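Trainee: For reference, the file target33.pdb (PDB, C-alpha atoms) is included below:
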MODEL        1
ATOM      1  CA  MET A   1     -26.612   7.969 189.839  1.00  0.00           C
ATOM      2  CA  ALA A   2     -27.473   6.415 186.522  1.00  0.00           C
ATOM      3  CA  GLY A   3     -28.911   2.929 186.352  1.00  0.00           C
ATOM      4  CA  GLY A   4     -32.576   2.085 186.552  1.00  0.00           C
ATOM      5  CA  GLU A   5     -32.419  -0.354 189.465  1.00  0.00           C
ATOM      6  CA  HIS A   6     -30.424   2.016 191.668  1.00  0.00           C
ATOM      7  CA  ASP A   7     -32.823   4.856 190.898  1.00  0.00           C
ATOM      8  CA  ASP A   8     -35.818   2.613 191.650  1.00  0.00           C
ATOM      9  CA  ASP A   9     -34.186   1.555 194.911  1.00  0.00           C
ATOM     10  CA  ARG A  10     -33.547   5.197 195.840  1.00  0.00           C
ATOM     11  CA  ASP A  11     -37.123   6.171 194.941  1.00  0.00           C
ATOM     12  CA  GLY A  12     -38.527   3.272 196.970  1.00  0.00           C
ATOM     13  CA  THR A  13     -36.432   4.185 199.995  1.00  0.00           C
ATOM     14  CA  VAL A  14     -37.479   7.841 199.808  1.00  0.00           C
ATOM     15  CA  ARG A  15     -41.165   6.888 199.376  1.00  0.00           C
ATOM     16  CA  GLU A  16     -41.107   4.451 202.327  1.00  0.00           C
ATOM     17  CA  PHE A  17     -39.319   7.046 204.466  1.00  0.00           C
ATOM     18  CA  HIS A  18     -41.967   9.676 203.737  1.00  0.00           C
ATOM     19  CA  GLU A  19     -44.733   7.144 204.481  1.00  0.00           C
ATOM     20  CA  ALA A  20     -43.159   6.242 207.836  1.00  0.00           C
ATOM     21  CA  VAL A  21     -42.240   9.817 208.834  1.00  0.00           C
ATOM     22  CA  ASN A  22     -45.544  11.643 209.195  1.00  0.00           C
ATOM     23  CA  MET A  23     -44.221  14.700 211.053  1.00  0.00           C
ATOM     24  CA  THR A  24     -42.917  17.759 209.222  1.00  0.00           C
ATOM     25  CA  ALA A  25     -39.385  18.997 209.822  1.00  0.00           C
ATOM     26  CA  GLY A  26     -40.839  21.890 211.846  1.00  0.00           C
ATOM     27  CA  GLU A  27     -43.045  19.633 213.974  1.00  0.00           C
ATOM     28  CA  LEU A  28     -40.185  17.257 214.660  1.00  0.00           C
ATOM     29  CA  ASP A  29     -37.746  20.077 215.440  1.00  0.00           C
ATOM     30  CA  LYS A  30     -40.223  21.552 217.943  1.00  0.00           C
ATOM     31  CA  TRP A  31     -40.866  18.097 219.491  1.00  0.00           C
ATOM     32  CA  LEU A  32     -37.141  17.381 219.903  1.00  0.00           C
ATOM     33  CA  ALA A  33     -36.834  20.520 222.061  1.00  0.00           C
ATOM     34  CA  THR A  34     -39.223  19.108 224.708  1.00  0.00           C
ATOM     35  CA  ASP A  35     -38.341  17.359 227.967  1.00  0.00           C
ATOM     36  CA  GLU A  36     -40.577  14.439 226.939  1.00  0.00           C
ATOM     37  CA  SER A  37     -38.512  13.898 223.809  1.00  0.00           C
ATOM     38  CA  ALA A  38     -35.208  14.003 225.671  1.00  0.00           C
ATOM     39  CA  GLY A  39     -36.515  11.658 228.363  1.00  0.00           C
ATOM     40  CA  VAL A  40     -37.071   8.543 226.225  1.00  0.00           C
ATOM     41  CA  GLY A  41     -34.923   6.130 224.303  1.00  0.00           C
ATOM     42  CA  GLN A  42     -31.742   4.162 224.779  1.00  0.00           C
ATOM     43  CA  SER A  43     -28.802   6.230 225.944  1.00  0.00           C
ATOM     44  CA  ASP A  44     -25.396   5.767 227.524  1.00  0.00           C
ATOM     45  CA  GLY A  45     -25.913   8.899 229.588  1.00  0.00           C
ATOM     46  CA  GLY A  46     -25.846  11.340 226.680  1.00  0.00           C
ATOM     47  CA  GLU A  47     -28.346  11.940 223.909  1.00  0.00           C
ATOM     48  CA  SER A  48     -30.545   8.931 223.129  1.00  0.00           C
ATOM     49  CA  VAL A  49     -30.241   7.080 219.837  1.00  0.00           C
ATOM     50  CA  GLY A  50     -33.776   8.138 218.848  1.00  0.00           C
ATOM     51  CA  HIS A  51     -33.212  11.792 219.724  1.00  0.00           C
ATOM     52  CA  SER A  52     -30.033  11.867 217.662  1.00  0.00           C
ATOM     53  CA  SER A  53     -31.881  10.123 214.819  1.00  0.00           C
ATOM     54  CA  GLY A  54     -34.661  12.723 215.070  1.00  0.00           C
ATOM     55  CA  ARG A  55     -32.176  15.544 214.517  1.00  0.00           C
ATOM     56  CA  ARG A  56     -30.858  13.683 211.482  1.00  0.00           C
ATOM     57  CA  ILE A  57     -34.414  13.139 210.190  1.00  0.00           C
ATOM     58  CA  VAL A  58     -35.082  16.894 210.386  1.00  0.00           C
ATOM     59  CA  GLY A  59     -32.097  17.388 208.104  1.00  0.00           C
ATOM     60  CA  LEU A  60     -33.226  14.629 205.743  1.00  0.00           C
ATOM     61  CA  LEU A  61     -36.696  16.151 205.468  1.00  0.00           C
ATOM     62  CA  ARG A  62     -35.058  19.414 204.419  1.00  0.00           C
ATOM     63  CA  THR A  63     -32.789  17.752 201.829  1.00  0.00           C
ATOM     64  CA  ARG A  64     -33.755  17.494 198.167  1.00  0.00           C
ATOM     65  CA  LYS A  65     -33.976  13.908 196.911  1.00  0.00           C
ATOM     66  CA  ALA A  66     -31.243  14.557 194.342  1.00  0.00           C
ATOM     67  CA  ASP A  67     -28.870  15.639 197.132  1.00  0.00           C
ATOM     68  CA  LEU A  68     -29.306  12.548 199.324  1.00  0.00           C
ATOM     69  CA  THR A  69     -26.132  10.531 199.889  1.00  0.00           C
ATOM     70  CA  ASP A  70     -25.865   6.747 200.220  1.00  0.00           C
ATOM     71  CA  ASP A  71     -25.394   7.310 203.970  1.00  0.00           C
ATOM     72  CA  ASP A  72     -28.615   9.358 204.043  1.00  0.00           C
ATOM     73  CA  LEU A  73     -30.482   6.568 202.260  1.00  0.00           C
ATOM     74  CA  ALA A  74     -29.103   4.002 204.717  1.00  0.00           C
ATOM     75  CA  HIS A  75     -30.399   6.103 207.631  1.00  0.00           C
ATOM     76  CA  MET A  76     -33.762   6.458 205.909  1.00  0.00           C
ATOM     77  CA  ARG A  77     -33.990   2.645 205.677  1.00  0.00           C
ATOM     78  CA  LYS A  78     -33.090   2.412 209.383  1.00  0.00           C
ATOM     79  CA  VAL A  79     -35.904   4.859 210.226  1.00  0.00           C
ATOM     80  CA  VAL A  80     -38.438   2.880 208.174  1.00  0.00           C
ATOM     81  CA  GLY A  81     -37.434  -0.356 209.923  1.00  0.00           C
ATOM     82  CA  TYR A  82     -37.629   1.212 213.381  1.00  0.00           C
ATOM     83  CA  VAL A  83     -41.051   2.775 212.767  1.00  0.00           C
ATOM     84  CA  HIS A  84     -42.507  -0.452 211.331  1.00  0.00           C
ATOM     85  CA  ARG A  85     -41.177  -2.576 214.237  1.00  0.00           C
ATOM     86  CA  HIS A  86     -42.275  -0.087 216.888  1.00  0.00           C
ATOM     87  CA  VAL A  87     -45.781   0.464 215.446  1.00  0.00           C
ATOM     88  CA  ALA A  88     -46.304  -3.323 215.546  1.00  0.00           C
ATOM     89  CA  GLN A  89     -45.689  -3.207 219.317  1.00  0.00           C
ATOM     90  CA  ARG A  90     -48.463  -0.701 220.026  1.00  0.00           C
ATOM     91  CA  PRO A  91     -49.644  -1.025 223.632  1.00  0.00           C
ATOM     92  CA  ALA A  92     -53.310  -1.314 224.519  1.00  0.00           C
ATOM     93  CA  GLY A  93     -55.295   1.733 225.589  1.00  0.00           C
ATOM     94  CA  ASP A  94     -54.659   5.429 225.205  1.00  0.00           C
ATOM     95  CA  VAL A  95     -51.115   6.026 223.944  1.00  0.00           C
ATOM     96  CA  THR A  96     -51.217   9.841 223.995  1.00  0.00           C
ATOM     97  CA  ALA A  97     -48.745  10.375 226.863  1.00  0.00           C
ATOM     98  CA  THR A  98     -46.737   7.162 226.663  1.00  0.00           C
ATOM     99  CA  ARG A  99     -43.009   6.510 226.293  1.00  0.00           C
ATOM    100  CA  TRP A 100     -43.958   4.313 223.309  1.00  0.00           C
ATOM    101  CA  ARG A 101     -45.462   7.269 221.444  1.00  0.00           C
ATOM    102  CA  TYR A 102     -42.676   9.632 222.491  1.00  0.00           C
ATOM    103  CA  SER A 103     -40.033   7.208 221.203  1.00  0.00           C
ATOM    104  CA  LEU A 104     -41.810   6.946 217.862  1.00  0.00           C
ATOM    105  CA  MET A 105     -42.110  10.707 217.652  1.00  0.00           C
ATOM    106  CA  ASN A 106     -38.327  11.018 218.112  1.00  0.00           C
ATOM    107  CA  TRP A 107     -38.087   8.951 214.924  1.00  0.00           C
ATOM    108  CA  GLY A 108     -40.521  11.284 213.102  1.00  0.00           C
ATOM    109  CA  HIS A 109     -43.716   9.214 213.410  1.00  0.00           C
ATOM    110  CA  ASP A 110     -46.667  10.387 215.512  1.00  0.00           C
ATOM    111  CA  PRO A 111     -49.123   7.482 215.854  1.00  0.00           C
ATOM    112  CA  GLU A 112     -51.819   9.974 216.912  1.00  0.00           C
ATOM    113  CA  LYS A 113     -51.791  11.641 213.468  1.00  0.00           C
TER     114      LYS A 113
ENDMDL
END
Would you encode the structure as structure tokens?
Mentor:
Amino acid sequence: MAGGEHDDDRDGTVREFHEAVNMTAGELDKWLATDESAGVGQSDGGESVGHSSGRRIVGLLRTRKADLTDDDLAHMRKVVGYVHRHVAQRPAGDVTATRWRYSLMNWGHDPEK
């Protein structure tokens, strides 16, 4: 992947991803095993989009930057966009046990951290 701009783009994507995703792979893996995690998000009757994304994020967190594919980077950009949009919609009051927080956590971001 030679070429300064592409490398800068890759580095920026990876940096933004790690800023948006504030849960470790282990924390996210453990969270995804809970009923609360499985119970939120858009779904057509199967696994929700966020839950599926969370499993992918666990893998991305365990992947070395040099081994990331273009598809991985595209998903990382999707995660950053989702987290930024969702954080901006924070509801009033205590969010500890809310679907809003649980959805964000499926995408690797715990707003309580």
Trainee: Go through the shown structure with the PyMOL selection byres ((chain A and resi 10-20) around 6) and write out the matching residues as an MDAnalysis selection string.
Mentor: chainID A and resid 7:9 21 76 80
Trainee: Can you tell me how far atom CA of A:Asp71 sits from atom CA of A:Gly59, in Å to one decimal?
Mentor: 12.8 Å
Trainee: With all atoms listed in the file as the atoms that count, which of A:Asp70, A:Gly81, A:Glu36, A:Ser103 lies nearest to A:His6?
Mentor: A:Asp70
Trainee: Residues near A:Pro91, anyone? I mean within 10 Å using all atoms listed in the file, not counting same-chain ones fewer than 4 positions away, as a list in words.
Mentor: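 Residues near the query, excluding close chain neighbours: Val87, Val95, Thr98, Trp100 and Arg101 of chain A.
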Trainee: Could you expand the PyMOL selection byres ((chain A and resi 50-53) around 9) into the explicit residues it covers here, written as a JSON list (two decimals) with C-alpha atoms, in the frame of the given file?
Mentor:
[["chain", "number", "residue", "atom", "x", "y", "z"],
["A", 32, "LEU", "CA", -37.14, 17.38, 219.90],
["A", 37, "SER", "CA", -38.51, 13.90, 223.81],
["A", 38, "ALA", "CA", -35.21, 14.00, 225.67],
["A", 40, "VAL", "CA", -37.07, 8.54, 226.22],
["A", 41, "GLY", "CA", -34.92, 6.13, 224.30],
["A", 42, "GLN", "CA", -31.74, 4.16, 224.78],
["A", 43, "SER", "CA", -28.80, 6.23, 225.94],
["A", 47, "GLU", "CA", -28.35, 11.94, 223.91],
["A", 48, "SER", "CA", -30.54, 8.93, 223.13],
["A", 49, "VAL", "CA", -30.24, 7.08, 219.84],
["A", 54, "GLY", "CA", -34.66, 12.72, 215.07],
["A", 55, "ARG", "CA", -32.18, 15.54, 214.52],
["A", 56, "ARG", "CA", -30.86, 13.68, 211.48],
["A", 57, "ILE", "CA", -34.41, 13.14, 210.19],
["A", 58, "VAL", "CA", -35.08, 16.89, 210.39],
["A", 75, "HIS", "CA", -30.40, 6.10, 207.63],
["A", 79, "VAL", "CA", -35.90, 4.86, 210.23],
["A", 103, "SER", "CA", -40.03, 7.21, 221.20],
["A", 104, "LEU", "CA", -41.81, 6.95, 217.86],
["A", 105, "MET", "CA", -42.11, 10.71, 217.65],
["A", 106, "ASN", "CA", -38.33, 11.02, 218.11],
["A", 107, "TRP", "CA", -38.09, 8.95, 214.92],
["A", 108, "GLY", "CA", -40.52, 11.28, 213.10]]
Trainee: Work out how far apart atom CA of A:Glu27 and atom CA of A:Lys113 are and give it in Å to one decimal.
Mentor: 11.9 Å
Trainee: Give me, please, the distance in Å between atom CA of A:His109 and atom CA of A:Thr96, quoted to one decimal.
Mentor: 13.0 Å
Trainee: Since the input is missing atoms, can you rebuild N, CA, C and O atoms for stretch 48-62 of chain A and write them as a compact mmCIF listing (two decimals), keeping the file's coordinate frame?
Mentor:
# COMPACT_ATOMS: atom_id res chain seq x y z
N SER A 48 -30.06 10.26 223.52
CA SER A 48 -30.54 8.93 223.13
C SER A 48 -30.37 8.72 221.63
O SER A 48 -30.29 9.67 220.85
N VAL A 49 -30.36 7.45 221.25
CA VAL A 49 -30.24 7.08 219.84
C VAL A 49 -31.38 7.70 219.03
O VAL A 49 -31.17 8.26 217.95
N GLY A 50 -32.62 7.60 219.55
CA GLY A 50 -33.78 8.14 218.85
C GLY A 50 -33.74 9.64 218.72
O GLY A 50 -34.12 10.20 217.68
N HIS A 51 -33.28 10.33 219.76
CA HIS A 51 -33.21 11.79 219.72
C HIS A 51 -32.19 12.24 218.68
O HIS A 51 -32.46 13.14 217.88
N SER A 52 -31.05 11.57 218.66
CA SER A 52 -30.03 11.87 217.66
C SER A 52 -30.57 11.59 216.25
O SER A 52 -30.37 12.37 215.32
N SER A 53 -31.28 10.46 216.10
CA SER A 53 -31.88 10.12 214.82
C SER A 53 -32.89 11.19 214.41
O SER A 53 -32.95 11.57 213.24
N GLY A 54 -33.67 11.68 215.36
CA GLY A 54 -34.66 12.72 215.07
C GLY A 54 -34.02 13.97 214.49
O GLY A 54 -34.53 14.55 213.52
N ARG A 55 -32.88 14.38 215.06
CA ARG A 55 -32.18 15.54 214.52
C ARG A 55 -31.73 15.27 213.08
O ARG A 55 -31.82 16.13 212.22
N ARG A 56 -31.28 14.05 212.84
CA ARG A 56 -30.86 13.68 211.48
C ARG A 56 -32.06 13.67 210.53
O ARG A 56 -31.96 14.10 209.39
N ILE A 57 -33.19 13.18 211.01
CA ILE A 57 -34.41 13.14 210.19
C ILE A 57 -34.85 14.55 209.79
O ILE A 57 -35.25 14.78 208.65
N VAL A 58 -34.75 15.50 210.72
CA VAL A 58 -35.08 16.89 210.39
C VAL A 58 -34.25 17.34 209.19
O VAL A 58 -34.76 17.92 208.23
N GLY A 59 -32.97 17.03 209.22
CA GLY A 59 -32.10 17.39 208.10
C GLY A 59 -32.49 16.68 206.82
O GLY A 59 -32.49 17.29 205.74
N LEU A 60 -32.82 15.39 206.93
CA LEU A 60 -33.23 14.63 205.74
C LEU A 60 -34.50 15.19 205.13
O LEU A 60 -34.63 15.24 203.90
N LEU A 61 -35.44 15.59 205.98
CA LEU A 61 -36.70 16.15 205.47
C LEU A 61 -36.46 17.46 204.72
O LEU A 61 -37.25 17.85 203.86
N ARG A 62 -35.38 18.13 205.05
CA ARG A 62 -35.06 19.41 204.42
C ARG A 62 -34.08 19.26 203.25
O ARG A 62 -33.63 20.26 202.70
